[in-house]
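Trainee: Okay, here's the structure, questions in a sec.
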There are 2 protein chains.
Amino acid sequence: MISKSEIALLKSLRLNKYRKIEKKFLVEGKNIVCEAIKKDSIIVKIFYTSKFNYQNDELVNLLKNKYESTEISEKEMNKISPTKSPSGIAALCNLPPKKLNAKTNTSWLYLDCVSDPGNLGTLLRSACWFGINQVALSKDSVDPYNPKVVRSGMGAHFYLSIQVKTNIDFFDKNKFTILGGDINNGEKIKLKTFKKNWVLVLGNEAHGISDIVKEKIDKKISIKKLGAGDSLNVSTSGSILMYLLTKDQ
Amino acid sequence: MISKSEIALLKSLRLNKYRKIEKKFLVEGKNIVCEAIKKDSIIVKIFYTSKFNYQNDELVNLLKNKYESTEISEKEMNKISPTKSPSGIAALCNLPPKKLNAKTNTSWLYLDCVSDPGNLGTLLRSACWFGINQVALSKDSVDPYNPKVVRSGMGAHFYLSIQVKTNIDFFDKNKFTILGGDINNGEKIKLKTFKKNWVLVLGNEAHGISDIVKEKIDKKISIKKLGAGDSLNVSTSGSILMYLLTKDQ
C-alpha cells in the first residue's frame, strides 16, 4: 500500500526544488538499486511490483529483511517512476551530505556547465570506473540527481563524492593542476607528468569551457583528430582523457 | 511555400519504413546542414525560416545559389522537424547507396544490436573523428538514419560508409581480425599488433555481444577498471577502444 500523498511526494522528486527540500532522490531499476544496497545508509525505502517480486524473489526477500519495503501495483509504479517503462523496482534514497574536502593526493573531475543529463550520467559512470572519485559541478550544470542523470549514471552516484555549485577557485587555492579538455587547441597528454592533485575540466556541449574558468587552466589537453568532424561528444572526450590520466596508476 | 503533401512526406521520414521507400532522410540544425553541404550530391532541398535567414544571411544565400531552397514558417518547421525546438534549418538528403566493399587495408566498426539512438550517433561521431570510415550494423541494430541517431552523429553520416543488416561472416570470409570489446573478460590492447584489416565489434547495451557473433571473435579487448561499476557506456568504451586502435597510425 502506498498513500496518495506518498505518490505525490515521490513524483515531486523529479524536480530539483523538491529534492532539495526533502533531501531525497528516487532511483529506478534493478541494477541501480543493487548498487545502492552496497551503501547501507543511503536507502530509505524500497518499492516493488508483484511481477518484479515473482521474477526476483531472492533479491526482494533480501531487501525486505533489510529495508522498509512496500509492494505497489504496476499503475502506482508507473506514477512514481520517471521512466516510461519502469522495471518494477525503485528505491527512495537520501541525498548525500554536501561537503567540499580538498584532500591532497586526489584527482577530480570538474564539469563547467555540462547541460545534457545523459552526458553527465555517462561522465559520472566513467569517473567511477577509472577511480576518479571526486566530481565537482559549476553552478550552471544540470543537477546530478536529475532522474535522467541518475539513470545514465548506472549507480556511479553511490561511489562518488559529488559537489554542486563549486567555483573553480577552490582548485586554484588548493594548488591543484587544472587541466582543460580542449578539443582543438590542446596538447597531447604526456603521461607521468600528472600524478595526483589534478582536476580535469570539461565544458558545455555547445560552448566549451567558459571564459572565467579558462583563465584558471594550467594546461590544455586534447585528443588528436585522425579523420573528420568538428568535435567529439563531451562524455566521449572526457572519458578518453580520464582513461589517459589514470592508466599508469 | 511548402505544400501539405510535402509536409506529410517530410514528417513520414521519421519512420524507417518511409525512409526506405523514399530513399531520403531529413537532417536538422545548422552544424549538421553545414557538414552535409560538403558532400554535394547528398542534399536534395533546403528548408529555412525567415528568422534563420535573418540571423544567417550569408549561409542562406550560399545555400540558395546551390540548392533548391524554400523559406517556410516557424509553424511549418515545427511540423517537419523531429526536434522539439528546431533551430530553423533542415535539409532533405538522399540516402547513400548500399554496397559492401571489402577493401583490404581498412579498419571497420561493427555494431551488434546497439539499440540506443544516442549511443549509435555518438559512436558514428567517434568513428569519424578517429578515421574509421567503415561502419557495419547487424540486422537488429537501430537504423542509422533515425532522426535521433542523425542528430547525435553531428554530421558523421556524411563522411562514413554505413552498411546495415550486415552479417559478421562478411569479415570472417574477408580475413579481417575480429576484435570484440568485452568489458570484463578482454585483454589490454597491445598496440602495433593490429595494423589494418581489423573490425572492432561492440555489443548491445544490456546484453553485450550476441553468442553467434562471439564465436567469430579472434581477440577480446577491454579497458581496465580502476574504480567501481558494472560496465562503461558502450559509446564510451567503444570510443576509447577506437582511440587506442588508431592512436599509433
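To be explicit about the labels: the chains of the C-alpha cells are called A, B, and onward in the order shown, and within each one the residues are counted from 1, while ligands get numbers from 1 in the order they are shown.
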Give me, as a PDB file with C-alpha atoms, in the first residue's frame, all polymer residues having an atom no more than 9 Å from Tyr48 (chain A), counting only C-alpha atoms and skipping those fewer than 4 positions away in the same chain.
Mentor:
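Result went into result-v6.pdb, see below:
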ATOM      1  CA  PHE A  52       9.123  -7.957 -10.045  1.00  0.00           C
ATOM      2  CA  ASN A  53       8.830  -9.902  -6.781  1.00  0.00           C
ATOM      3  CA  VAL A  60      13.184  -8.924  -2.870  1.00  0.00           C
ATOM      4  CA  SER A  69       9.708  -2.271   1.646  1.00  0.00           C
ATOM      5  CA  THR A  70       6.311  -1.877   0.027  1.00  0.00           C
ATOM      6  CA  GLU A  71       4.658  -3.854  -2.751  1.00  0.00           C
ATOM      7  CA  ILE A  72       2.784  -1.494  -5.062  1.00  0.00           C
ATOM      8  CA  SER A  73       0.677  -2.006  -8.198  1.00  0.00           C
ATOM      9  CA  GLU A  74       2.019  -1.556 -11.746  1.00  0.00           C
ATOM     10  CA  MET A  77       4.863   2.220 -10.095  1.00  0.00           C
ATOM     11  CA  GLY A  88       9.326  -2.831 -11.320  1.00  0.00           C
ATOM     12  CA  ILE A  89      11.652  -1.684  -8.543  1.00  0.00           C
ATOM     13  CA  ALA A  90      12.549   1.719  -7.146  1.00  0.00           C
ATOM     14  CA  ALA A  91      14.343   2.985  -4.040  1.00  0.00           C
TER      15      ALA A  91
END
Trainee: Quick one: residues within 10 Å of Ser3 (chain A), only C-alpha atoms counted, chain neighbours fewer than 5 positions away excluded, as an mmCIF file with C-alpha atoms, in the first residue's frame?
Mentor:
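Once everything was written out, this is out.cif:
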data_model
loop_
_atom_site.group_PDB
_atom_site.id
_atom_site.type_symbol
_atom_site.label_atom_id
_atom_site.label_comp_id
_atom_site.auth_asym_id
_atom_site.auth_seq_id
_atom_site.Cartn_x
_atom_site.Cartn_y
_atom_site.Cartn_z
ATOM 1 C CA ALA A 8 2.758 12.860 -4.824
ATOM 2 C CA LEU A 9 5.952 13.222 -2.806
ATOM 3 C CA GLU A 76 1.344 3.040 -8.865
#
Trainee: Taking only residues of chain B that have an atom at most 9 Å from an atom of chain A, what is each one's shortest atom pair and its distance in Å to one decimal, using only C-alpha atoms, in chain and number order, as a Markdown table?
Mentor:
| residue | atom | partner | partner_atom | distance |
| --- | --- | --- | --- | --- |
| B:Asn31 | CA | A:Asp230 | CA | 8.9 |
| B:Glu35 | CA | A:Gly229 | CA | 8.3 |
| B:Thr122 | CA | A:Asn233 | CA | 6.6 |
| B:Arg125 | CA | A:Leu232 | CA | 6.6 |
| B:Ser126 | CA | A:Leu232 | CA | 6.3 |
| B:Ala127 | CA | A:Gly227 | CA | 8.2 |
| B:Cys128 | CA | A:Ala228 | CA | 5.5 |
| B:Trp129 | CA | A:Gly227 | CA | 4.7 |
| B:Phe130 | CA | A:Leu226 | CA | 4.8 |
| B:Gly131 | CA | A:Gly227 | CA | 3.8 |
| B:Ile132 | CA | A:Gly227 | CA | 7.4 |
| B:Asn133 | CA | A:Gly227 | CA | 8.1 |
| B:Ser152 | CA | A:Asn233 | CA | 8.4 |
| B:Met154 | CA | A:Gly229 | CA | 7.9 |
| B:Gly155 | CA | A:Gly229 | CA | 7.2 |
| B:Ala156 | CA | A:Gly229 | CA | 6.7 |
| B:Tyr159 | CA | A:Ala228 | CA | 7.4 |
| B:Ile223 | CA | A:Tyr243 | CA | 8.5 |
| B:Lys224 | CA | A:Phe130 | CA | 8.1 |
| B:Lys225 | CA | A:Trp129 | CA | 5.4 |
| B:Leu226 | CA | A:Phe130 | CA | 4.8 |
| B:Gly227 | CA | A:Gly131 | CA | 3.8 |
| B:Ala228 | CA | A:Trp129 | CA | 5.0 |
| B:Gly229 | CA | A:Trp129 | CA | 5.7 |
| B:Asp230 | CA | A:Met154 | CA | 8.2 |
| B:Ser231 | CA | A:Trp129 | CA | 7.5 |
| B:Leu232 | CA | A:Ser126 | CA | 6.3 |
| B:Asn233 | CA | A:Thr122 | CA | 6.6 |
| B:Ser235 | CA | A:Thr236 | CA | 7.3 |
| B:Thr236 | CA | A:Thr236 | CA | 5.4 |
| B:Ser237 | CA | A:Ser239 | CA | 8.5 |
| B:Ser239 | CA | A:Thr236 | CA | 6.6 |
| B:Ile240 | CA | A:Ile240 | CA | 5.6 |
| B:Tyr243 | CA | A:Ile240 | CA | 7.8 |
| B:Thr246 | CA | A:Leu226 | CA | 8.1 |
| B:Lys247 | CA | A:Lys224 | CA | 8.2 |
| B:Gln249 | CA | A:Leu226 | CA | 8.6 |
Trainee: Taking only C-alpha atoms into account, which of B:Leu13, B:Val114, B:Met1, B:Ile217 comes nearest Phe176 (chain B)?
Mentor: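 Smallest separation from Phe176 (chain B) among the options: B:Ile217.
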Trainee: Identify which of the residues A:Leu245, A:Leu95, A:Ile7, A:Val44 lies closest to Lys23 (chain A), counting only C-alpha atoms when measuring atom-to-atom distances.
Mentor: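 Among the listed residues, the smallest separation from Lys23 (chain A) belongs to A:Leu95.
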Trainee: Extract, using only C-alpha atoms, all DNA, RNA and protein residues at most 12 Å from Ser41 (chain A), discarding same-chain residues fewer than 5 positions from it, and format them as a list in words.
Mentor: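 Once the nearby chain positions are removed, what remains is Ala36, Lys66, Tyr67, Leu92, Cys93, Asn94, Leu95, Pro96, Pro97 and Phe158 of chain A.
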Trainee: Considering only C-alpha atoms, return as a list in words whatever protein or nucleic-acid residues lie within 9 Å of Lys175 (chain B), sequence-local ones (same chain, fewer than 4 positions apart) excluded.
Mentor: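 Result of the neighbour search: Phe170, Phe171, Asn197 and Trp198 of chain B.
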Trainee: Go ahead and save the residues from that selection, with N, CA and C atoms, as a short mmCIF file (atom, residue, chain, number, x, y, z; two decimals), in the first residue's frame.
Mentor:
data_model
loop_
_atom_site.label_atom_id
_atom_site.label_comp_id
_atom_site.auth_asym_id
_atom_site.auth_seq_id
_atom_site.Cartn_x
_atom_site.Cartn_y
_atom_site.Cartn_z
N PHE B 170 30.79 -11.75 -43.12
CA PHE B 170 31.45 -10.93 -44.14
C PHE B 170 32.91 -10.67 -43.77
N PHE B 171 33.15 -10.38 -42.47
CA PHE B 171 34.51 -10.07 -42.02
C PHE B 171 35.36 -11.32 -41.88
N ASN B 197 43.06 -3.91 -41.51
CA ASN B 197 42.29 -5.14 -41.71
C ASN B 197 41.72 -5.70 -40.42
N TRP B 198 41.24 -4.81 -39.56
CA TRP B 198 40.58 -5.27 -38.36
C TRP B 198 39.17 -4.70 -38.30
#
Trainee: Between CA of Lys148 (chain A) and CA of Pro117 (chain A), what is the distance in Å, rounded to a tenth?
Mentor: 5.6 Å
Trainee: Could you pull out the helix (DSSP H, G or I) residues of region 22-180 of chain B, going by DSSP on the backbone, and write them as number ranges by chain?
Mentor: B: 22, 30-37, 40-42, 50-55, 57-66, 74-80, 117-129, 147-153, 156-158, 169-173
Trainee: Which is closest to Lys75 (chain B) among B:Met242, B:Thr49, B:Asn105, B:Ser141, if we use only C-alpha atoms?
Mentor: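 Going through B:Met242, B:Thr49, B:Asn105, B:Ser141 one by one, the smallest distance to Lys75 (chain B) is for B:Thr49.
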Trainee: Please, what distance in Å, to one decimal, runs between CA of Asn174 (chain B) and CA of Leu124 (chain B)?
Mentor: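 Those two atoms sit 22.8 Å apart.
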Trainee: Between B:Asp182, B:Asp112, B:Asp143, B:Glu205, which residue has the minimum interatomic distance to Thr166 (chain B), considering only C-alpha atoms?
Mentor: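 Under the stated criterion, the closest residue is B:Asp112.
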Trainee: May I have the residues within 7 Å of Glu68 (chain B) as a list in words, using only C-alpha atoms and disregarding those fewer than 2 positions away in the same chain?
Mentor: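 Near Glu68 (chain B), the qualifying residues are Lys45, Ile46, Lys64 and Thr70 of chain B.
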Trainee: Extract the full set of strand (DSSP E) residues from region 8-151 of chain A according to DSSP on the backbone, and format it as a list in words.
Mentor: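 So the strand (DSSP E) residues in region 8-151 of chain A would be Lys24, Phe25, Leu26, Val27, Glu28, Ile43, Val44, Lys45, Ile46, Phe47, Tyr48, Ser69, Thr70, Glu71, Ile89, Ala90, Ala91, Leu92, Cys93, Asn94, Ser107, Trp108, Leu109, Tyr110, Leu111, Gln134, Val135, Ala136 and Leu137 of chain A.
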Trainee: For CA of Lys20 (chain A) and CA of Val142 (chain A), quote the distance in Å rounded to one decimal.
Mentor: 14.0 Å
